[in-house]
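Engineer: Below is the file data_2.txt, which contains compact mmCIF, C-alpha atoms.
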# COMPACT_ATOMS: atom_id res chain seq x y z
CA MET A 1 -2.39 9.61 -1.17
CA PRO A 2 -5.96 9.46 -2.48
CA VAL A 3 -8.46 11.66 -0.69
CA PHE A 4 -11.63 10.15 0.70
CA GLU A 5 -13.99 12.87 -0.49
CA ALA A 6 -15.41 14.00 -3.80
CA LEU A 7 -13.42 16.68 -5.59
CA PRO A 8 -14.83 20.23 -5.52
CA ALA A 9 -16.09 21.70 -8.76
CA VAL A 10 -13.33 22.33 -11.30
CA PRO A 11 -12.34 26.02 -11.30
CA GLU A 12 -12.95 27.91 -14.52
CA ASP A 13 -9.99 29.53 -16.27
CA GLY A 14 -11.18 32.95 -15.13
CA GLU A 15 -11.12 31.84 -11.49
CA LEU A 16 -7.43 30.94 -11.33
CA PRO A 17 -5.69 33.03 -8.64
CA LEU A 18 -2.67 33.90 -10.81
CA ASP A 19 -2.42 37.42 -9.40
CA ARG A 20 -1.18 35.86 -6.16
CA TRP A 21 2.14 35.39 -7.95
CA GLY A 22 2.34 38.98 -9.10
CA GLU A 23 1.27 41.12 -11.99
CA GLY A 24 1.93 40.20 -15.59
CA ASP A 25 0.46 39.01 -18.83
CA TRP A 26 -0.92 35.73 -17.50
CA SER A 27 -2.70 33.40 -19.93
CA VAL A 28 -3.92 29.80 -19.98
CA LEU A 29 -2.45 27.75 -22.83
CA PRO A 30 -3.98 24.78 -24.65
CA TRP A 31 -2.57 21.55 -23.28
CA GLU A 32 -2.97 18.14 -24.84
CA ARG A 33 -2.13 15.62 -22.17
CA GLN A 34 -1.99 11.88 -21.86
CA VAL A 35 -4.24 10.17 -19.32
CA SER A 36 -1.12 9.35 -17.28
CA ASP A 37 -0.51 13.10 -16.86
CA GLU A 38 -3.81 13.66 -15.05
CA GLY A 39 -4.09 13.18 -11.31
CA TYR A 40 -6.98 11.50 -9.55
CA ASN A 41 -7.09 14.28 -6.92
CA SER A 42 -5.82 17.40 -8.64
CA HIS A 43 -6.15 19.70 -11.64
CA THR A 44 -3.43 21.41 -13.64
CA TRP A 45 -3.21 24.18 -16.22
CA GLN A 46 -0.33 25.23 -18.46
CA ILE A 47 0.26 28.92 -17.92
CA ALA A 48 2.26 31.60 -19.71
CA ASN A 49 3.53 34.93 -18.46
CA GLY A 50 5.38 36.54 -21.31
CA GLU A 51 7.98 34.05 -22.51
CA ARG A 52 7.96 31.97 -19.34
CA ARG A 53 5.94 28.78 -18.98
CA TYR A 54 4.48 27.39 -15.79
CA VAL A 55 2.15 24.69 -14.54
CA LEU A 56 -0.54 25.78 -12.09
CA LYS A 57 -1.64 22.91 -9.87
CA ALA A 58 -4.68 22.78 -7.59
CA VAL A 59 -5.46 20.17 -4.94
CA PRO A 60 -8.38 20.10 -2.48
CA LYS A 61 -7.80 22.20 0.62
CA SER A 62 -7.84 19.02 2.72
CA HIS A 63 -4.50 18.18 1.07
CA ALA A 64 -2.80 21.42 2.07
CA THR A 65 -0.27 19.93 4.49
CA GLY A 66 0.97 17.20 2.16
CA PHE A 67 0.91 19.51 -0.85
CA GLU A 68 3.08 22.08 0.87
CA ALA A 69 5.45 19.37 2.13
CA GLY A 70 5.88 18.07 -1.40
CA LEU A 71 6.51 21.50 -2.89
CA GLY A 72 9.08 22.19 -0.18
CA VAL A 73 10.94 18.98 -1.05
CA ALA A 74 10.76 19.78 -4.78
CA ARG A 75 12.31 23.16 -4.09
CA ALA A 76 15.09 21.54 -2.04
CA VAL A 77 15.82 19.13 -4.89
CA ALA A 78 15.98 22.01 -7.38
CA GLU A 79 18.46 23.82 -5.12
CA LYS A 80 20.73 20.77 -5.51
CA GLY A 81 20.70 21.24 -9.27
CA ILE A 82 18.14 18.55 -10.15
CA ARG A 83 15.14 19.60 -12.20
CA SER A 84 11.92 19.13 -10.26
CA GLY A 85 9.38 21.56 -11.67
CA THR A 86 10.50 24.17 -9.16
CA PRO A 87 7.66 25.75 -7.12
CA ASN A 88 7.49 29.55 -7.22
CA LEU A 89 6.82 31.65 -4.13
CA SER A 90 3.74 33.83 -4.10
CA THR A 91 3.95 37.58 -3.54
CA THR A 92 3.60 36.87 0.18
CA GLY A 93 6.42 34.31 0.14
CA ASP A 94 4.22 31.21 0.32
CA LEU A 95 4.68 27.95 -1.57
CA VAL A 96 0.95 27.25 -1.40
CA VAL A 97 -1.87 29.70 -2.00
CA HIS A 98 -5.25 29.03 -0.37
CA ASP A 99 -8.18 30.19 -2.46
CA GLY A 100 -11.72 28.82 -2.31
CA ASP A 101 -11.97 25.04 -2.03
CA TRP A 102 -8.47 24.56 -3.44
CA CYS A 103 -4.81 24.98 -2.60
CA TRP A 104 -2.62 26.22 -5.43
CA GLY A 105 1.01 25.96 -6.45
CA LEU A 106 2.75 27.56 -9.42
CA LEU A 107 5.51 25.35 -10.81
CA ASP A 108 8.15 25.91 -13.45
CA HIS A 109 7.23 24.04 -16.62
CA MET A 110 9.75 21.25 -17.19
CA GLY A 111 10.89 20.82 -20.77
CA GLY A 112 12.51 17.77 -22.26
CA GLU A 113 11.38 14.54 -23.84
CA ARG A 114 9.36 11.77 -22.31
CA VAL A 115 11.14 8.57 -21.37
CA ASP A 116 11.18 5.63 -23.75
CA SER A 117 11.19 2.84 -21.20
CA ALA A 118 12.59 0.38 -23.75
CA ASP A 119 15.63 2.60 -24.37
CA ALA A 120 18.63 1.55 -22.27
CA GLY A 121 20.12 5.05 -22.25
CA HIS A 122 16.89 6.63 -21.13
CA MET A 123 16.39 4.12 -18.35
CA ARG A 124 19.92 4.57 -17.04
CA ILE A 125 19.20 8.29 -16.81
CA VAL A 126 15.94 7.58 -14.97
CA GLY A 127 17.73 5.36 -12.46
CA GLY A 128 20.58 7.83 -12.03
CA THR A 129 18.16 10.72 -11.53
CA LEU A 130 16.25 8.85 -8.83
CA ALA A 131 19.50 7.96 -7.07
CA SER A 132 20.70 11.57 -7.27
CA ILE A 133 17.43 12.73 -5.70
CA HIS A 134 17.81 10.27 -2.83
CA ARG A 135 21.37 11.44 -2.28
CA ALA A 136 20.33 15.10 -2.42
CA LEU A 137 17.66 14.45 0.22
CA SER A 138 19.74 12.15 2.43
CA ASP A 139 19.98 14.77 5.19
CA HIS A 140 16.60 16.37 4.59
CA PRO A 141 14.30 16.10 7.63
CA ALA A 142 11.01 14.28 7.32
CA PRO A 143 8.35 16.88 6.47
CA ALA A 144 5.39 17.23 8.79
CA GLY A 145 2.22 15.47 7.75
CA VAL A 146 3.68 12.84 5.40
CA MET A 147 3.66 9.06 5.67
CA LYS A 148 6.63 7.99 7.80
CA TRP A 149 8.13 4.52 8.03
CA PRO A 150 7.81 2.50 10.18
CA GLY A 151 4.85 4.30 11.80
CA ILE A 152 2.22 2.78 9.52
CA ASP A 153 0.26 0.56 11.92
CA TRP A 154 -2.89 2.50 11.03
CA LEU A 155 -2.91 0.63 7.72
CA LEU A 156 -3.39 -2.61 9.66
CA ALA A 157 -6.17 -1.40 11.96
CA GLU A 158 -9.53 -3.08 11.55
CA ASN A 159 -12.01 -1.04 9.51
CA GLU A 160 -15.11 -1.64 7.46
CA ALA A 161 -13.71 -0.40 4.16
CA VAL A 162 -11.19 -3.21 3.78
CA GLY A 163 -13.47 -5.87 5.27
CA PRO A 164 -14.62 -7.14 1.84
CA TYR A 165 -10.99 -7.51 0.79
CA PRO A 166 -9.22 -9.63 3.44
CA TRP A 167 -6.28 -10.16 1.09
CA ILE A 168 -5.22 -6.49 1.45
CA GLN A 169 -4.12 -6.49 5.07
CA ARG A 170 -2.96 -10.10 4.86
CA ALA A 171 -0.56 -9.14 2.06
CA MET A 172 0.53 -6.05 3.95
CA ARG A 173 1.34 -8.04 7.09
CA GLU A 174 3.25 -10.64 5.09
CA ALA A 175 5.30 -7.94 3.39
CA LEU A 176 6.07 -6.08 6.60
CA GLU A 177 7.20 -9.30 8.28
CA ALA A 178 9.67 -9.90 5.43
CA ILE A 179 11.08 -6.36 5.25
CA PRO A 180 14.05 -5.83 7.63
CA ASP A 181 14.30 -2.95 10.07
CA ASP A 182 17.65 -1.68 8.86
CA LEU A 183 16.87 -0.49 5.33
CA THR A 184 18.15 2.99 4.50
CA LEU A 185 15.46 5.58 5.20
CA GLY A 186 15.01 9.06 3.82
CA VAL A 187 12.67 11.51 2.15
CA VAL A 188 11.46 9.95 -1.09
CA HIS A 189 9.34 11.10 -4.01
CA GLY A 190 6.73 8.44 -3.24
CA ASP A 191 5.38 7.94 -6.76
CA PRO A 192 8.26 8.15 -9.29
CA ARG A 193 6.51 6.60 -12.28
CA VAL A 194 8.57 6.66 -15.44
CA THR A 195 5.91 8.94 -16.96
CA GLU A 196 6.93 11.65 -14.47
CA PHE A 197 10.55 11.83 -15.68
CA ARG A 198 11.78 14.12 -18.42
CA ILE A 199 15.16 14.04 -20.20
CA GLU A 200 16.89 17.07 -21.67
CA ASN A 201 20.48 17.22 -22.91
CA GLY A 202 21.21 13.89 -21.27
CA GLU A 203 19.99 14.97 -17.83
CA GLY A 204 16.87 13.79 -16.06
CA GLY A 205 14.24 15.60 -14.08
CA LEU A 206 11.29 14.39 -12.01
CA LEU A 207 7.82 15.97 -11.76
CA ASP A 208 4.81 15.77 -9.45
CA TRP A 209 5.87 15.83 -5.81
CA GLY A 210 2.43 15.35 -4.27
CA GLU A 211 3.18 11.98 -2.62
CA VAL A 212 6.38 12.76 -0.70
CA MET A 213 7.05 10.31 2.13
CA TYR A 214 9.73 9.30 4.62
CA MET A 215 10.39 5.69 3.62
CA PRO A 216 13.10 3.20 2.70
CA HIS A 217 14.82 4.27 -0.52
CA VAL A 218 13.94 0.90 -2.00
CA PHE A 219 10.26 1.91 -1.78
CA ASP A 220 10.86 4.50 -4.52
CA VAL A 221 12.73 1.95 -6.64
CA ALA A 222 9.85 -0.50 -6.27
CA SER A 223 7.39 2.28 -7.13
CA THR A 224 9.12 2.92 -10.45
CA LEU A 225 9.27 -0.77 -11.27
CA ILE A 226 5.59 -1.55 -10.67
CA TYR A 227 4.40 0.76 -13.44
CA LEU A 228 6.82 -0.40 -16.14
CA ASP A 229 5.41 -2.38 -19.05
CA ASP A 230 6.79 -5.69 -20.31
CA GLU A 231 9.09 -4.00 -22.85
CA ALA A 232 10.79 -1.73 -20.31
CA ASP A 233 14.53 -2.09 -19.69
CA ARG A 234 14.49 -2.74 -15.95
CA GLU A 235 18.14 -3.78 -15.83
CA SER A 236 19.35 -0.44 -17.22
CA PHE A 237 17.13 1.40 -14.73
CA LEU A 238 18.59 -0.56 -11.82
CA ARG A 239 22.17 -0.19 -13.08
CA GLY A 240 21.67 3.54 -13.44
CA TYR A 241 20.27 3.72 -9.93
CA LEU A 242 23.01 1.67 -8.29
CA ALA A 243 25.77 3.67 -10.00
CA THR A 244 25.17 6.64 -7.68
CA ALA A 245 22.79 5.30 -5.03
CA VAL A 246 23.09 5.88 -1.31
CA ILE A 247 22.19 2.23 -0.76
CA ASP A 248 24.05 -0.80 -2.08
CA ALA A 249 22.70 -3.67 -4.14
CA SER A 250 21.96 -5.81 -1.08
CA GLU A 251 18.97 -3.62 -0.19
CA LEU A 252 17.46 -4.19 -3.62
CA ALA A 253 16.96 -7.81 -2.59
CA TYR A 254 13.80 -6.50 -0.92
CA VAL A 255 12.43 -4.65 -3.93
CA ASP A 256 9.84 -7.32 -4.75
CA VAL A 257 8.46 -7.60 -1.24
CA MET A 258 8.32 -3.80 -1.21
CA ARG A 259 6.35 -4.00 -4.44
CA LYS A 260 3.94 -6.31 -2.63
CA PHE A 261 3.64 -3.81 0.22
CA ARG A 262 2.92 -0.98 -2.20
CA TYR A 263 0.28 -2.97 -4.08
CA ALA A 264 -1.45 -3.71 -0.76
CA ALA A 265 -1.17 -0.11 0.48
CA GLU A 266 -2.65 1.22 -2.75
CA SER A 267 -5.45 -1.32 -2.45
CA TRP A 268 -6.19 -0.06 1.08
CA PHE A 269 -6.79 3.44 -0.29
CA PHE A 270 -8.88 2.33 -3.25
CA ALA A 271 -10.99 0.13 -0.96
CA HIS A 272 -11.81 3.23 1.08
CA ARG A 273 -12.69 5.19 -2.04
CA GLU A 274 -14.93 2.35 -3.20
CA SER A 275 -16.69 2.15 0.18
CA LEU A 276 -17.45 5.88 0.00
CA GLN A 277 -18.41 5.69 -3.70
CA ILE A 278 -15.76 8.23 -4.66
CA THR A 279 -14.98 8.08 -8.35
CA LEU A 280 -11.44 8.36 -9.69
CA GLY A 281 -11.93 11.82 -11.14
CA GLN A 282 -10.51 13.32 -14.31
CA SER A 283 -10.10 11.10 -17.39
CA ALA A 284 -9.52 7.76 -15.72
CA GLY A 285 -10.28 5.88 -18.90
CA GLU A 286 -11.59 2.37 -18.40
CA HIS A 287 -10.50 2.09 -14.77
CA THR A 288 -12.69 2.17 -11.69
CA ASN A 289 -11.89 1.62 -8.03
CA ALA A 290 -13.12 -1.98 -8.41
CA SER A 291 -11.05 -2.69 -11.51
CA ILE A 292 -7.92 -1.28 -9.87
CA LEU A 293 -8.51 -3.42 -6.78
CA LYS A 294 -8.74 -6.50 -8.99
CA MET A 295 -5.47 -5.58 -10.76
CA LYS A 296 -3.68 -5.02 -7.45
CA GLN A 297 -4.83 -8.39 -6.14
CA GLU A 298 -3.50 -10.05 -9.29
CA ASP A 299 -0.22 -8.14 -8.92
CA ILE A 300 0.19 -9.41 -5.35
CA GLU A 301 -0.52 -12.98 -6.47
CA ALA A 302 2.10 -12.62 -9.21
CA VAL A 303 4.72 -11.47 -6.70
CA ASP A 304 3.89 -14.36 -4.36
CA ALA A 305 4.15 -16.85 -7.21
CA GLY A 306 7.48 -15.43 -8.37
CA ARG A 307 6.09 -14.63 -11.82
CA THR A 308 7.33 -11.04 -11.71
CA LYS A 309 10.61 -11.51 -9.87
CA THR A 310 13.05 -8.63 -10.38
CA SER A 311 16.52 -9.56 -11.59
CA ILE A 312 19.08 -7.49 -9.68
CA PRO A 313 22.16 -6.76 -11.82
CA ALA A 314 25.60 -7.54 -10.47
CA VAL A 315 27.72 -4.44 -9.79
Let me see the file written as structure tokens.
Structural biologist:
Amino acid sequence: MPVFEALPAVPEDGELPLDRWGEGDWSVLPWERQVSDEGYNSHTWQIANGERRYVLKAVPKSHATGFEAGLGVARAVAEKGIRSGTPNLSTTGDLVVHDGDWCWGLLDHMGGERVDSADAGHMRIVGGTLASIHRALSDHPAPAGVMKWPGIDWLLAENEAVGPYPWIQRAMREALEAIPDDLTLGVVHGDPRVTEFRIENGEGGLLDWGEVMYMPHVFDVASTLIYLDDEADRESFLRGYLATAVIDASELAYVDVMRKFRYAAESWFFAHRESLQITLGQSAGEHTNASILKMKQEDIEAVDAGRTKTSIPAV
């Protein structure tokens, strides 16, 4: 979730607490990244220690609880044989190191190629990987401090930040009224954009576990769909997902209304950031809080008008 405070100053390379993971020949490597690789509320560095490669991630200390919950889930997924950018324990056995204004995690660097969302084979792997993660976490308890369905009434409470945008909570209420109470719940990634998947030797992996939640599985499916471009092979993604999913195709009938809920929930957070004049941080390109709010409103209108209806494949 976005934080409602300005990010602390970016740590210099010489300030990274790498010694908390032991001695060695630690070094910071050059890293050319796409804008989609950069978080609004975090910083990352590619790290080497001898021949091994890692990613060091820092989030503000106010995010410690959620950060640790996410790293714990990523570690559980890795133990099931699914690549997740496995977190490494510090010398004191901790997943998260507290140092200065930041909390730190050292993750295994995940190799593999980026997903071509127009490639049917790639998208089947993405869907199958997401389904395998849901299955691997089906008995995993809800971590402390994460968003838990259906206890989300706080999103509907009156507050000044969303006052200028009455469409946000209206859309949220409409979506919640249409979503049934009996959808399959479990620990989910929370933000499985296709840009976070990697494919190696025909197997998928999923990065960036900072938004772990306890939600309907279809929330994760909707979250992948909302960031796909027009050329993406949605059908192959859904077929790949349903092939090994915990849920059956009937629950995907609610994927569009769940998209609407997610658009509204994201808008709630960006409205708060806008009210506090918190910038997006990092290389956000042309986007601002205001431009994102406008896009989300248009997305909700498109769902309501049926212009972006998802076609659910027969199985």
Engineer: Using all atoms listed in the file, which residues sit within 12 Å of A:Ser250 once same-chain residues fewer than 3 positions away are excluded, as a PyMOL selection string?
Structural biologist: chain A and resi 180+182-184+218+242+245-247+253-255+312-315
Engineer: What lies within 9 Å of A:Gln277 using all atoms listed in the file, ignoring chain neighbours under 4 positions off, as a PyMOL selection string?
Structural biologist: chain A and resi 6+272-273+289
Engineer: Could you tell me which of A:Asp304, A:Asp119, A:Glu68, A:Glu160 comes closest to A:Leu95 if we count all atoms listed in the file?
Structural biologist: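 Counting all atoms listed in the file, the residue closest to A:Leu95 is A:Glu68.
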Engineer: Using all atoms listed in the file, find the one residue out of A:Glu51, A:Asp116, A:Asp101, A:Asp181 that sits nearest to A:Ala232.
Structural biologist: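 Once distances to A:Ala232 are computed over all atoms listed in the file, the minimum belongs to A:Asp116.
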Engineer: What does the distance between atom CA of A:Leu56 and atom CA of A:Thr44 come to in Å, to one decimal place?
Structural biologist: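 A separation of 5.5 Å between them.
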Engineer: Which residues are close to A:Gly85, i.e. within 8 Å by all atoms listed in the file, leaving aside same-chain residues fewer than 2 positions away? Reply as a compact mmCIF listing (two decimals) with C-alpha atoms, in the frame of the given file.
Structural biologist:
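After the write, result.txt holds the following:
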# COMPACT_ATOMS: atom_id res chain seq x y z
CA ALA A 74 10.76 19.78 -4.78
CA ALA A 78 15.98 22.01 -7.38
CA ARG A 83 15.14 19.60 -12.20
CA PRO A 87 7.66 25.75 -7.12
CA LEU A 107 5.51 25.35 -10.81
CA ASP A 108 8.15 25.91 -13.45
CA HIS A 109 7.23 24.04 -16.62
CA MET A 110 9.75 21.25 -17.19
CA LEU A 206 11.29 14.39 -12.01
CA LEU A 207 7.82 15.97 -11.76
CA ASP A 208 4.81 15.77 -9.45
Engineer: Could I see stretch 17-28 of chain A restored to all heavy atoms, set down as a JSON list (two decimals), in the coordinates of the input?
Structural biologist:
[["chain", "number", "residue", "atom", "x", "y", "z"],
["A", 17, "PRO", "N", -6.23, 31.92, -9.43],
["A", 17, "PRO", "CA", -5.69, 33.03, -8.64],
["A", 17, "PRO", "C", -4.26, 33.42, -9.04],
["A", 17, "PRO", "O", -3.36, 33.53, -8.19],
["A", 17, "PRO", "CB", -5.74, 32.49, -7.22],
["A", 17, "PRO", "CG", -5.51, 31.01, -7.38],
["A", 17, "PRO", "CD", -6.20, 30.64, -8.68],
["A", 18, "LEU", "N", -4.03, 33.65, -10.31],
["A", 18, "LEU", "CA", -2.67, 33.90, -10.81],
["A", 18, "LEU", "C", -2.08, 35.20, -10.28],
["A", 18, "LEU", "O", -0.85, 35.32, -10.17],
["A", 18, "LEU", "CB", -2.69, 33.90, -12.34],
["A", 18, "LEU", "CG", -2.98, 32.53, -12.97],
["A", 18, "LEU", "CD1", -3.30, 32.69, -14.45],
["A", 18, "LEU", "CD2", -1.80, 31.59, -12.78],
["A", 19, "ASP", "N", -2.94, 36.14, -9.91],
["A", 19, "ASP", "CA", -2.42, 37.42, -9.40],
["A", 19, "ASP", "C", -1.69, 37.25, -8.07],
["A", 19, "ASP", "O", -0.95, 38.14, -7.66],
["A", 19, "ASP", "CB", -3.55, 38.43, -9.27],
["A", 19, "ASP", "CG", -4.64, 37.98, -8.31],
["A", 19, "ASP", "OD1", -4.79, 36.75, -8.09],
["A", 19, "ASP", "OD2", -5.35, 38.84, -7.78],
["A", 20, "ARG", "N", -1.87, 36.09, -7.44],
["A", 20, "ARG", "CA", -1.18, 35.86, -6.16],
["A", 20, "ARG", "C", 0.32, 35.65, -6.37],
["A", 20, "ARG", "O", 1.09, 35.64, -5.41],
["A", 20, "ARG", "CB", -1.79, 34.65, -5.45],
["A", 20, "ARG", "CG", -3.28, 34.80, -5.16],
["A", 20, "ARG", "CD", -3.56, 35.79, -4.04],
["A", 20, "ARG", "NE", -3.10, 35.28, -2.77],
["A", 20, "ARG", "CZ", -3.82, 34.49, -1.98],
["A", 20, "ARG", "NH1", -5.05, 34.13, -2.34],
["A", 20, "ARG", "NH2", -3.34, 34.07, -0.82],
["A", 21, "TRP", "N", 0.72, 35.49, -7.62],
["A", 21, "TRP", "CA", 2.14, 35.39, -7.95],
["A", 21, "TRP", "C", 2.63, 36.65, -8.68],
["A", 21, "TRP", "O", 3.67, 36.63, -9.32],
["A", 21, "TRP", "CB", 2.40, 34.16, -8.80],
["A", 21, "TRP", "CG", 2.36, 32.90, -7.97],
["A", 21, "TRP", "CD1", 3.37, 32.33, -7.26],
["A", 21, "TRP", "CD2", 1.22, 32.06, -7.75],
["A", 21, "TRP", "NE1", 2.94, 31.19, -6.62],
["A", 21, "TRP", "CE2", 1.62, 31.01, -6.90],
["A", 21, "TRP", "CE3", -0.11, 32.10, -8.19],
["A", 21, "TRP", "CZ2", 0.75, 30.00, -6.48],
["A", 21, "TRP", "CZ3", -0.99, 31.11, -7.77],
["A", 21, "TRP", "CH2", -0.56, 30.07, -6.93],
["A", 22, "GLY", "N", 1.88, 37.72, -8.56],
["A", 22, "GLY", "CA", 2.34, 38.98, -9.10],
["A", 22, "GLY", "C", 1.60, 39.39, -10.36],
["A", 22, "GLY", "O", 0.80, 38.64, -10.94],
["A", 23, "GLU", "N", 1.88, 40.59, -10.78],
["A", 23, "GLU", "CA", 1.27, 41.12, -11.99],
["A", 23, "GLU", "C", 1.96, 40.54, -13.22],
["A", 23, "GLU", "O", 3.04, 39.99, -13.15],
["A", 23, "GLU", "CB", 1.38, 42.65, -12.00],
["A", 23, "GLU", "CG", 0.69, 43.33, -10.83],
["A", 23, "GLU", "CD", -0.80, 43.10, -10.83],
["A", 23, "GLU", "OE1", -1.39, 43.01, -11.93],
["A", 23, "GLU", "OE2", -1.38, 42.98, -9.72],
["A", 24, "GLY", "N", 1.32, 40.68, -14.35],
["A", 24, "GLY", "CA", 1.93, 40.20, -15.59],
["A", 24, "GLY", "C", 0.87, 39.83, -16.60],
["A", 24, "GLY", "O", -0.34, 39.91, -16.35],
["A", 25, "ASP", "N", 1.34, 39.39, -17.73],
["A", 25, "ASP", "CA", 0.46, 39.01, -18.83],
["A", 25, "ASP", "C", 0.17, 37.52, -18.74],
["A", 25, "ASP", "O", 0.64, 36.71, -19.55],
["A", 25, "ASP", "CB", 1.12, 39.37, -20.17],
["A", 25, "ASP", "CG", 0.22, 39.09, -21.36],
["A", 25, "ASP", "OD1", -1.01, 39.00, -21.15],
["A", 25, "ASP", "OD2", 0.74, 38.95, -22.48],
["A", 26, "TRP", "N", -0.61, 37.14, -17.72],
["A", 26, "TRP", "CA", -0.92, 35.73, -17.50],
["A", 26, "TRP", "C", -1.93, 35.23, -18.52],
["A", 26, "TRP", "O", -2.90, 35.92, -18.85],
["A", 26, "TRP", "CB", -1.52, 35.52, -16.11],
["A", 26, "TRP", "CG", -0.63, 35.87, -14.96],
["A", 26, "TRP", "CD1", -0.69, 36.99, -14.18],
["A", 26, "TRP", "CD2", 0.46, 35.10, -14.45],
["A", 26, "TRP", "NE1", 0.27, 36.95, -13.20],
["A", 26, "TRP", "CE2", 1.00, 35.80, -13.35],
["A", 26, "TRP", "CE3", 1.04, 33.88, -14.81],
["A", 26, "TRP", "CZ2", 2.08, 35.33, -12.61],
["A", 26, "TRP", "CZ3", 2.11, 33.40, -14.08],
["A", 26, "TRP", "CH2", 2.62, 34.12, -13.00],
["A", 27, "SER", "N", -1.73, 34.00, -19.02],
["A", 27, "SER", "CA", -2.70, 33.40, -19.93],
["A", 27, "SER", "C", -2.66, 31.89, -19.76],
["A", 27, "SER", "O", -1.64, 31.31, -19.38],
["A", 27, "SER", "CB", -2.41, 33.78, -21.38],
["A", 27, "SER", "OG", -1.12, 33.35, -21.77],
["A", 28, "VAL", "N", -3.80, 31.26, -20.03],
["A", 28, "VAL", "CA", -3.92, 29.80, -19.98],
["A", 28, "VAL", "C", -3.71, 29.25, -21.39],
["A", 28, "VAL", "O", -4.37, 29.70, -22.34],
["A", 28, "VAL", "CB", -5.29, 29.38, -19.45],
["A", 28, "VAL", "CG1", -5.40, 27.85, -19.41],
["A", 28, "VAL", "CG2", -5.52, 29.96, -18.05]]
